[in-house]
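Novice: Contents of upload_6.tsv (TSV, C-alpha atoms):
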```
chain	number	residue	atom	x	y	z
A	273	MET	CA	8.95	-4.40	30.78
A	274	ASN	CA	9.52	-3.54	27.11
A	275	LEU	CA	6.34	-3.89	25.06
A	276	PHE	CA	5.58	-3.41	21.38
A	277	LYS	CA	2.36	-3.52	19.39
A	278	CYS	CA	2.14	-6.07	16.59
A	279	VAL	CA	0.77	-4.47	13.40
A	280	TYR	CA	-1.14	-7.63	12.44
A	281	CYS	CA	-2.79	-8.94	15.62
A	282	LEU	CA	-2.73	-5.46	17.28
A	283	LEU	CA	-1.79	-6.97	20.63
A	284	ASP	CA	0.79	-5.57	23.02
A	285	LYS	CA	3.58	-8.13	23.27
A	286	ASN	CA	6.79	-8.51	25.25
A	287	ILE	CA	9.89	-7.54	23.25
A	288	SER	CA	11.10	-11.15	23.56
A	289	GLU	CA	8.20	-12.12	21.25
A	290	LEU	CA	9.37	-9.81	18.45
A	291	GLY	CA	9.40	-11.76	15.19
A	292	GLY	CA	10.66	-9.07	12.84
A	293	GLU	CA	10.12	-5.68	11.27
A	294	ILE	CA	8.52	-4.73	7.99
A	295	SER	CA	9.64	-1.53	6.31
A	296	GLU	CA	7.19	0.57	4.32
A	297	ASN	CA	8.16	3.22	1.74
A	298	VAL	CA	11.79	3.10	2.87
A	299	ASP	CA	13.16	3.25	-0.68
A	300	LYS	CA	11.66	6.70	-1.31
A	301	LEU	CA	12.79	7.94	2.08
A	302	GLN	CA	16.35	6.64	1.51
A	303	LEU	CA	16.45	8.45	-1.83
A	304	GLN	CA	15.22	11.65	-0.17
A	305	LYS	CA	17.88	11.22	2.54
A	306	GLU	CA	20.63	10.93	-0.10
A	307	ILE	CA	19.36	14.04	-1.90
A	308	TRP	CA	19.38	16.10	1.32
A	309	GLU	CA	22.88	14.87	2.20
A	310	GLN	CA	24.19	15.83	-1.26
A	311	GLU	CA	22.60	19.29	-1.03
A	312	ILE	CA	24.07	19.87	2.42
A	313	THR	CA	27.52	18.83	1.18
A	314	LYS	CA	27.29	21.21	-1.81
A	315	LEU	CA	26.12	24.08	0.37
A	316	SER	CA	28.86	23.45	2.94
A	317	SER	CA	31.56	23.55	0.29
A	318	SER	CA	30.13	26.70	-1.34
A	319	GLN	CA	29.84	28.46	2.02
A	320	PHE	CA	33.58	29.01	2.24
A	321	LEU	CA	34.03	29.99	-1.41
A	322	THR	CA	32.27	33.32	-1.00
A	323	ASP	CA	33.70	36.40	0.67
A	324	ASP	CA	30.32	38.03	1.26
A	325	GLU	CA	29.28	37.64	4.91
A	326	ASN	CA	25.56	37.99	4.06
A	327	LYS	CA	25.77	35.14	1.54
A	328	ARG	CA	27.60	32.99	4.09
A	329	ALA	CA	24.87	33.68	6.66
A	330	ASP	CA	22.17	32.81	4.12
A	331	ILE	CA	23.97	29.59	3.19
A	332	GLU	CA	24.37	28.72	6.88
A	333	LYS	CA	20.61	29.23	7.46
A	334	THR	CA	19.85	27.05	4.44
A	335	ILE	CA	22.19	24.35	5.75
A	336	GLU	CA	20.42	24.44	9.13
A	337	GLN	CA	17.05	24.09	7.38
A	338	LYS	CA	18.32	21.18	5.26
A	339	ASN	CA	19.69	19.50	8.40
A	340	LYS	CA	16.24	19.80	10.03
A	341	GLU	CA	14.64	18.25	6.93
A	342	LEU	CA	17.26	15.49	6.96
A	343	LYS	CA	16.49	14.72	10.62
A	344	ASN	CA	12.80	14.57	9.72
A	345	VAL	CA	13.51	12.07	6.92
A	346	LEU	CA	15.65	9.96	9.28
A	347	LEU	CA	12.78	9.96	11.81
A	348	GLN	CA	10.35	8.89	9.07
A	349	ILE	CA	12.69	6.03	8.12
A	350	LYS	CA	12.82	4.92	11.75
A	351	ASN	CA	9.01	5.13	12.10
A	352	SER	CA	8.38	3.29	8.82
A	353	LYS	CA	9.44	0.01	10.40
A	354	LYS	CA	6.42	-1.92	11.63
A	355	THR	CA	6.94	-4.53	14.34
A	356	VAL	CA	5.46	-8.02	14.03
A	357	CYS	CA	5.23	-10.68	16.75
A	358	LYS	CA	6.69	-14.19	16.24
A	359	THR	CA	3.26	-15.79	15.80
A	360	CYS	CA	2.20	-13.41	13.04
A	361	TRP	CA	5.69	-13.47	11.52
A	362	LYS	CA	5.41	-17.25	11.00
A	363	ARG	CA	2.09	-16.76	9.22
A	364	PHE	CA	3.63	-13.89	7.25
A	365	GLU	CA	6.49	-16.12	6.08
A	366	LYS	CA	4.19	-19.01	5.14
A	367	LYS	CA	1.79	-17.06	3.00
A	368	ASP	CA	1.75	-13.68	1.40
A	369	ILE	CA	-0.08	-11.26	3.67
A	370	THR	CA	-0.95	-8.22	1.63
A	371	THR	CA	-1.98	-4.69	2.44
A	372	PHE	CA	-4.67	-3.09	0.32
A	373	ILE	CA	-7.42	-0.48	0.47
A	374	CYS	CA	-10.93	-1.87	0.66
A	375	VAL	CA	-13.06	-0.26	-2.05
A	376	VAL	CA	-16.14	-0.23	0.22
A	377	CYS	CA	-14.95	0.97	3.65
A	378	LYS	CA	-11.86	2.80	2.26
A	379	GLN	CA	-9.76	1.36	5.12
A	380	ASN	CA	-6.14	0.25	4.71
A	381	ILE	CA	-6.46	-3.50	5.36
A	382	THR	CA	-3.68	-5.97	6.15
A	383	GLY	CA	-4.67	-9.55	5.49
A	384	LYS	CA	-6.59	-11.58	2.96
A	385	LYS	CA	-8.27	-9.63	0.22
A	386	TYR	CA	-11.43	-10.75	-1.50
A	387	GLY	CA	-12.51	-9.76	-4.95
A	388	GLY	CA	-15.59	-9.75	-7.08
A	389	HIS	CA	-18.31	-7.72	-8.69
A	390	ILE	CA	-20.57	-5.94	-6.24
A	391	GLU	CA	-24.10	-4.90	-6.91
A	392	ASN	CA	-25.06	-2.46	-4.18
A	393	TYR	CA	-22.47	0.37	-4.42
A	394	GLN	CA	-23.22	1.72	-7.90
A	395	ASP	CA	-24.56	4.97	-6.42
A	396	GLU	CA	-21.07	5.53	-4.94
A	397	GLY	CA	-19.39	5.11	-8.32
A	398	ILE	CA	-18.44	1.44	-8.11
A	399	SER	CA	-19.46	-0.15	-11.40
A	400	VAL	CA	-20.94	-3.63	-11.25
A	401	ARG	CA	-18.88	-4.47	-14.36
A	402	LYS	CA	-15.58	-3.71	-12.59
A	403	TRP	CA	-13.69	-6.28	-10.47
A	404	VAL	CA	-12.98	-4.74	-7.06
A	405	GLU	CA	-11.11	-5.80	-3.93
A	406	PHE	CA	-12.73	-5.71	-0.49
A	407	CYS	CA	-12.14	-6.91	3.05
A	408	GLN	CA	-13.71	-9.80	4.96
A	409	SER	CA	-15.79	-7.49	7.13
A	410	CYS	CA	-17.40	-5.73	4.14
A	411	LYS	CA	-17.86	-9.07	2.39
A	412	ASP	CA	-19.80	-10.40	5.38
A	413	ARG	CA	-21.83	-7.30	6.26
A	414	LYS	CA	-22.16	-4.82	3.41
A	415	ILE	CA	-21.67	-6.34	-0.03
A	416	ILE	CA	-24.22	-7.94	-2.30
A	417	THR	CA	-22.29	-9.99	-4.85
A	418	ALA	CA	-23.41	-9.43	-8.43
A	419	ASN	CA	-24.49	-12.49	-10.40
A	420	LEU	CA	-22.51	-11.97	-13.60
A	421	TYR	CA	-20.79	-14.10	-16.18
A	422	CYS	CA	-17.16	-13.28	-15.42
A	423	PRO	CA	-14.01	-14.91	-16.88
A	424	ARG	CA	-12.46	-14.98	-13.42
A	425	LEU	CA	-15.35	-17.00	-12.01
A	426	ASN	CA	-16.80	-19.10	-14.81
A	427	ASP	CA	-16.63	-19.98	-18.51
A	428	GLY	CA	-19.29	-17.55	-19.69
A	429	ARG	CA	-22.76	-18.15	-20.95
A	430	ASP	CA	-23.81	-21.71	-21.68
A	431	GLY	CA	-24.06	-23.13	-25.20
A	432	TYR	CA	-27.53	-21.75	-25.97
A	433	TRP	CA	-26.82	-18.12	-25.34
A	434	ASP	CA	-28.07	-15.40	-27.62
A	435	THR	CA	-25.34	-14.46	-30.10
A	436	ASN	CA	-26.30	-10.79	-29.73
A	437	LEU	CA	-25.18	-10.90	-26.09
A	438	PRO	CA	-21.53	-10.91	-25.10
A	439	LEU	CA	-20.04	-14.07	-23.61
A	440	PHE	CA	-19.26	-12.22	-20.36
A	441	ASP	CA	-21.09	-9.41	-18.53
A	442	CYS	CA	-18.07	-7.60	-17.09
A	443	ASP	CA	-14.94	-5.71	-18.12
A	444	CYS	CA	-12.48	-8.29	-16.80
A	445	PRO	CA	-9.80	-9.45	-19.24
A	446	VAL	CA	-10.62	-12.68	-21.04
A	447	SER	CA	-7.88	-15.25	-21.58
A	448	GLU	CA	-7.52	-16.86	-25.01
A	449	ASP	CA	-8.79	-20.24	-23.82
A	450	LYS	CA	-12.14	-18.62	-22.82
A	451	GLN	CA	-12.67	-16.69	-26.05
A	452	ILE	CA	-14.94	-18.09	-28.73
A	453	SER	CA	-13.80	-17.63	-32.31
```
Please, can you express the file's structure as structure tokens?
Specialist:
Amino acid sequence: MNLFKCVYCLLDKNISELGGEISENVDKLQLQKEIWEQEITKLSSSQFLTDDENKRADIEKTIEQKNKELKNVLLQIKNSKKTVCKTCWKRFEKKDITTFICVVCKQNITGKKYGGHIENYQDEGISVRKWVEFCQSCKDRKIITANLYCPRLNDGRDGYWDTNLPLFDCDCPVSEDKQIS
């Protein structure tokens, strides 16, 4: 029985349940492949232009090395395709499933990202004034959300705020409709 592992639900599925493949970083690998192919072609043509046997041997060794590197790039292209089952593929088509790095657990997360200002990771260099992205697990278990006036979350301080204080407490960009002249 042919099985594959879905990158989203992480379940082993029968190949008949394959919904599709997602390629990651293929553009860079394709460019690298083209560069290696061009170099091999140039070396092959220059190999027969020289009469020196030592130079020919050196060029032949270089061609062999470039062919090994090309095979490695082709293997990376093949391995960059991630398999997705039909169930997850339908969800993937309906809404944008993103991949991001959670600022708290530093894990590469595929799924819904949450954002906000967090209060309890300042000792690790995460400023409370900075908007950060984090995963559901960290949101539920690790993060204390900061209570700030933020243009992404509210309209700023109420009408009786001290004019010496800024309208918002964070570094998030403020749209023109939320700025006070």
Novice: Give one line per residue of region 403-425 of chain A that approaches region 376-391 of chain A to at most 6 Å, naming the two atoms of the closest pair and their distance in Å to one decimal, counting all atoms listed in the file; sort by chain then ascending residue number and deliver it as a Markdown table.
Specialist:
```
| residue | atom | partner | partner_atom | distance |
| --- | --- | --- | --- | --- |
| A:Trp403 | CA | A:His389 | CA | 5.2 |
| A:Val404 | CA | A:Gly387 | CA | 5.5 |
| A:Glu405 | CA | A:Gly387 | CA | 4.3 |
| A:Phe406 | CA | A:Tyr386 | CA | 5.3 |
| A:Cys407 | CA | A:Lys385 | CA | 5.5 |
| A:Ile416 | CA | A:Glu391 | CA | 5.5 |
| A:Thr417 | CA | A:Ile390 | CA | 4.6 |
| A:Ala418 | CA | A:Glu391 | CA | 4.8 |
```
Novice: Select all residues near (1.5, -9.2, 17.2) (cut-off 9 Å, inclusive, file coordinates), counting only C-alpha atoms, and output them as a list in words.
Specialist: Phe276, Lys277, Cys278, Val279, Tyr280, Cys281, Leu282, Leu283, Asp284, Lys285, Glu289, Leu290, Gly291, Thr355, Val356, Cys357, Lys358, Thr359, Cys360 and Trp361 of chain A
Novice: For Gly292 (chain A), which residue out of A:Ser447, A:Glu336, A:Asn426, A:Lys354 is the nearest one, using all atoms listed in the file?
Specialist: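 Of A:Ser447, A:Glu336, A:Asn426, A:Lys354, the one nearest Gly292 (chain A) is A:Lys354, counting all atoms listed in the file.
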Novice: For a quick check of understanding, using all atoms listed in the file, which of A:Trp308, A:Lys362, A:Leu321, A:Leu315 has the smallest distance to Lys343 (chain A)?
Specialist: A:Trp308
Novice: Can you work out the spacing between CA of Ser399 (chain A) and CA of Cys422 (chain A) in Å, to one decimal?
Specialist: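 Computed distance, CA of Ser399 (chain A) to CA of Cys422 (chain A), equals 13.9 Å.
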Novice: In Å, how far is it from CA of Arg424 (chain A) to CA of Cys444 (chain A)?
Specialist: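 Those two atoms sit 7.5 Å apart.
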Novice: For Gln302 (chain A), which residue among A:Ile398, A:Leu347, A:Leu275, A:Ile287 is the nearest when counting only C-alpha atoms?
Specialist: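 Residue with the minimum atom-to-atom distance to Gln302 (chain A): A:Leu347.
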Novice: Which distance in Å separates CA of Ser316 (chain A) and CA of Arg328 (chain A), to one decimal?
Specialist: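 Atom-to-atom, CA of Ser316 (chain A) and CA of Arg328 (chain A) are spaced 9.7 Å apart.
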Novice: Select all residues near (-22.2, -12.9, -14.6) (cut-off 10 Å, inclusive, file coordinates), counting all atoms listed in the file, and output them as a VMD selection string.
Specialist: chain A and resid 389 400 to 401 418 to 423 425 to 429 439 to 442
Novice: Considering only C-alpha atoms, can you say which of A:Ile312, A:Glu448, A:Gln319, A:Lys327 comes closest to Asn339 (chain A)?
Specialist: A:Ile312
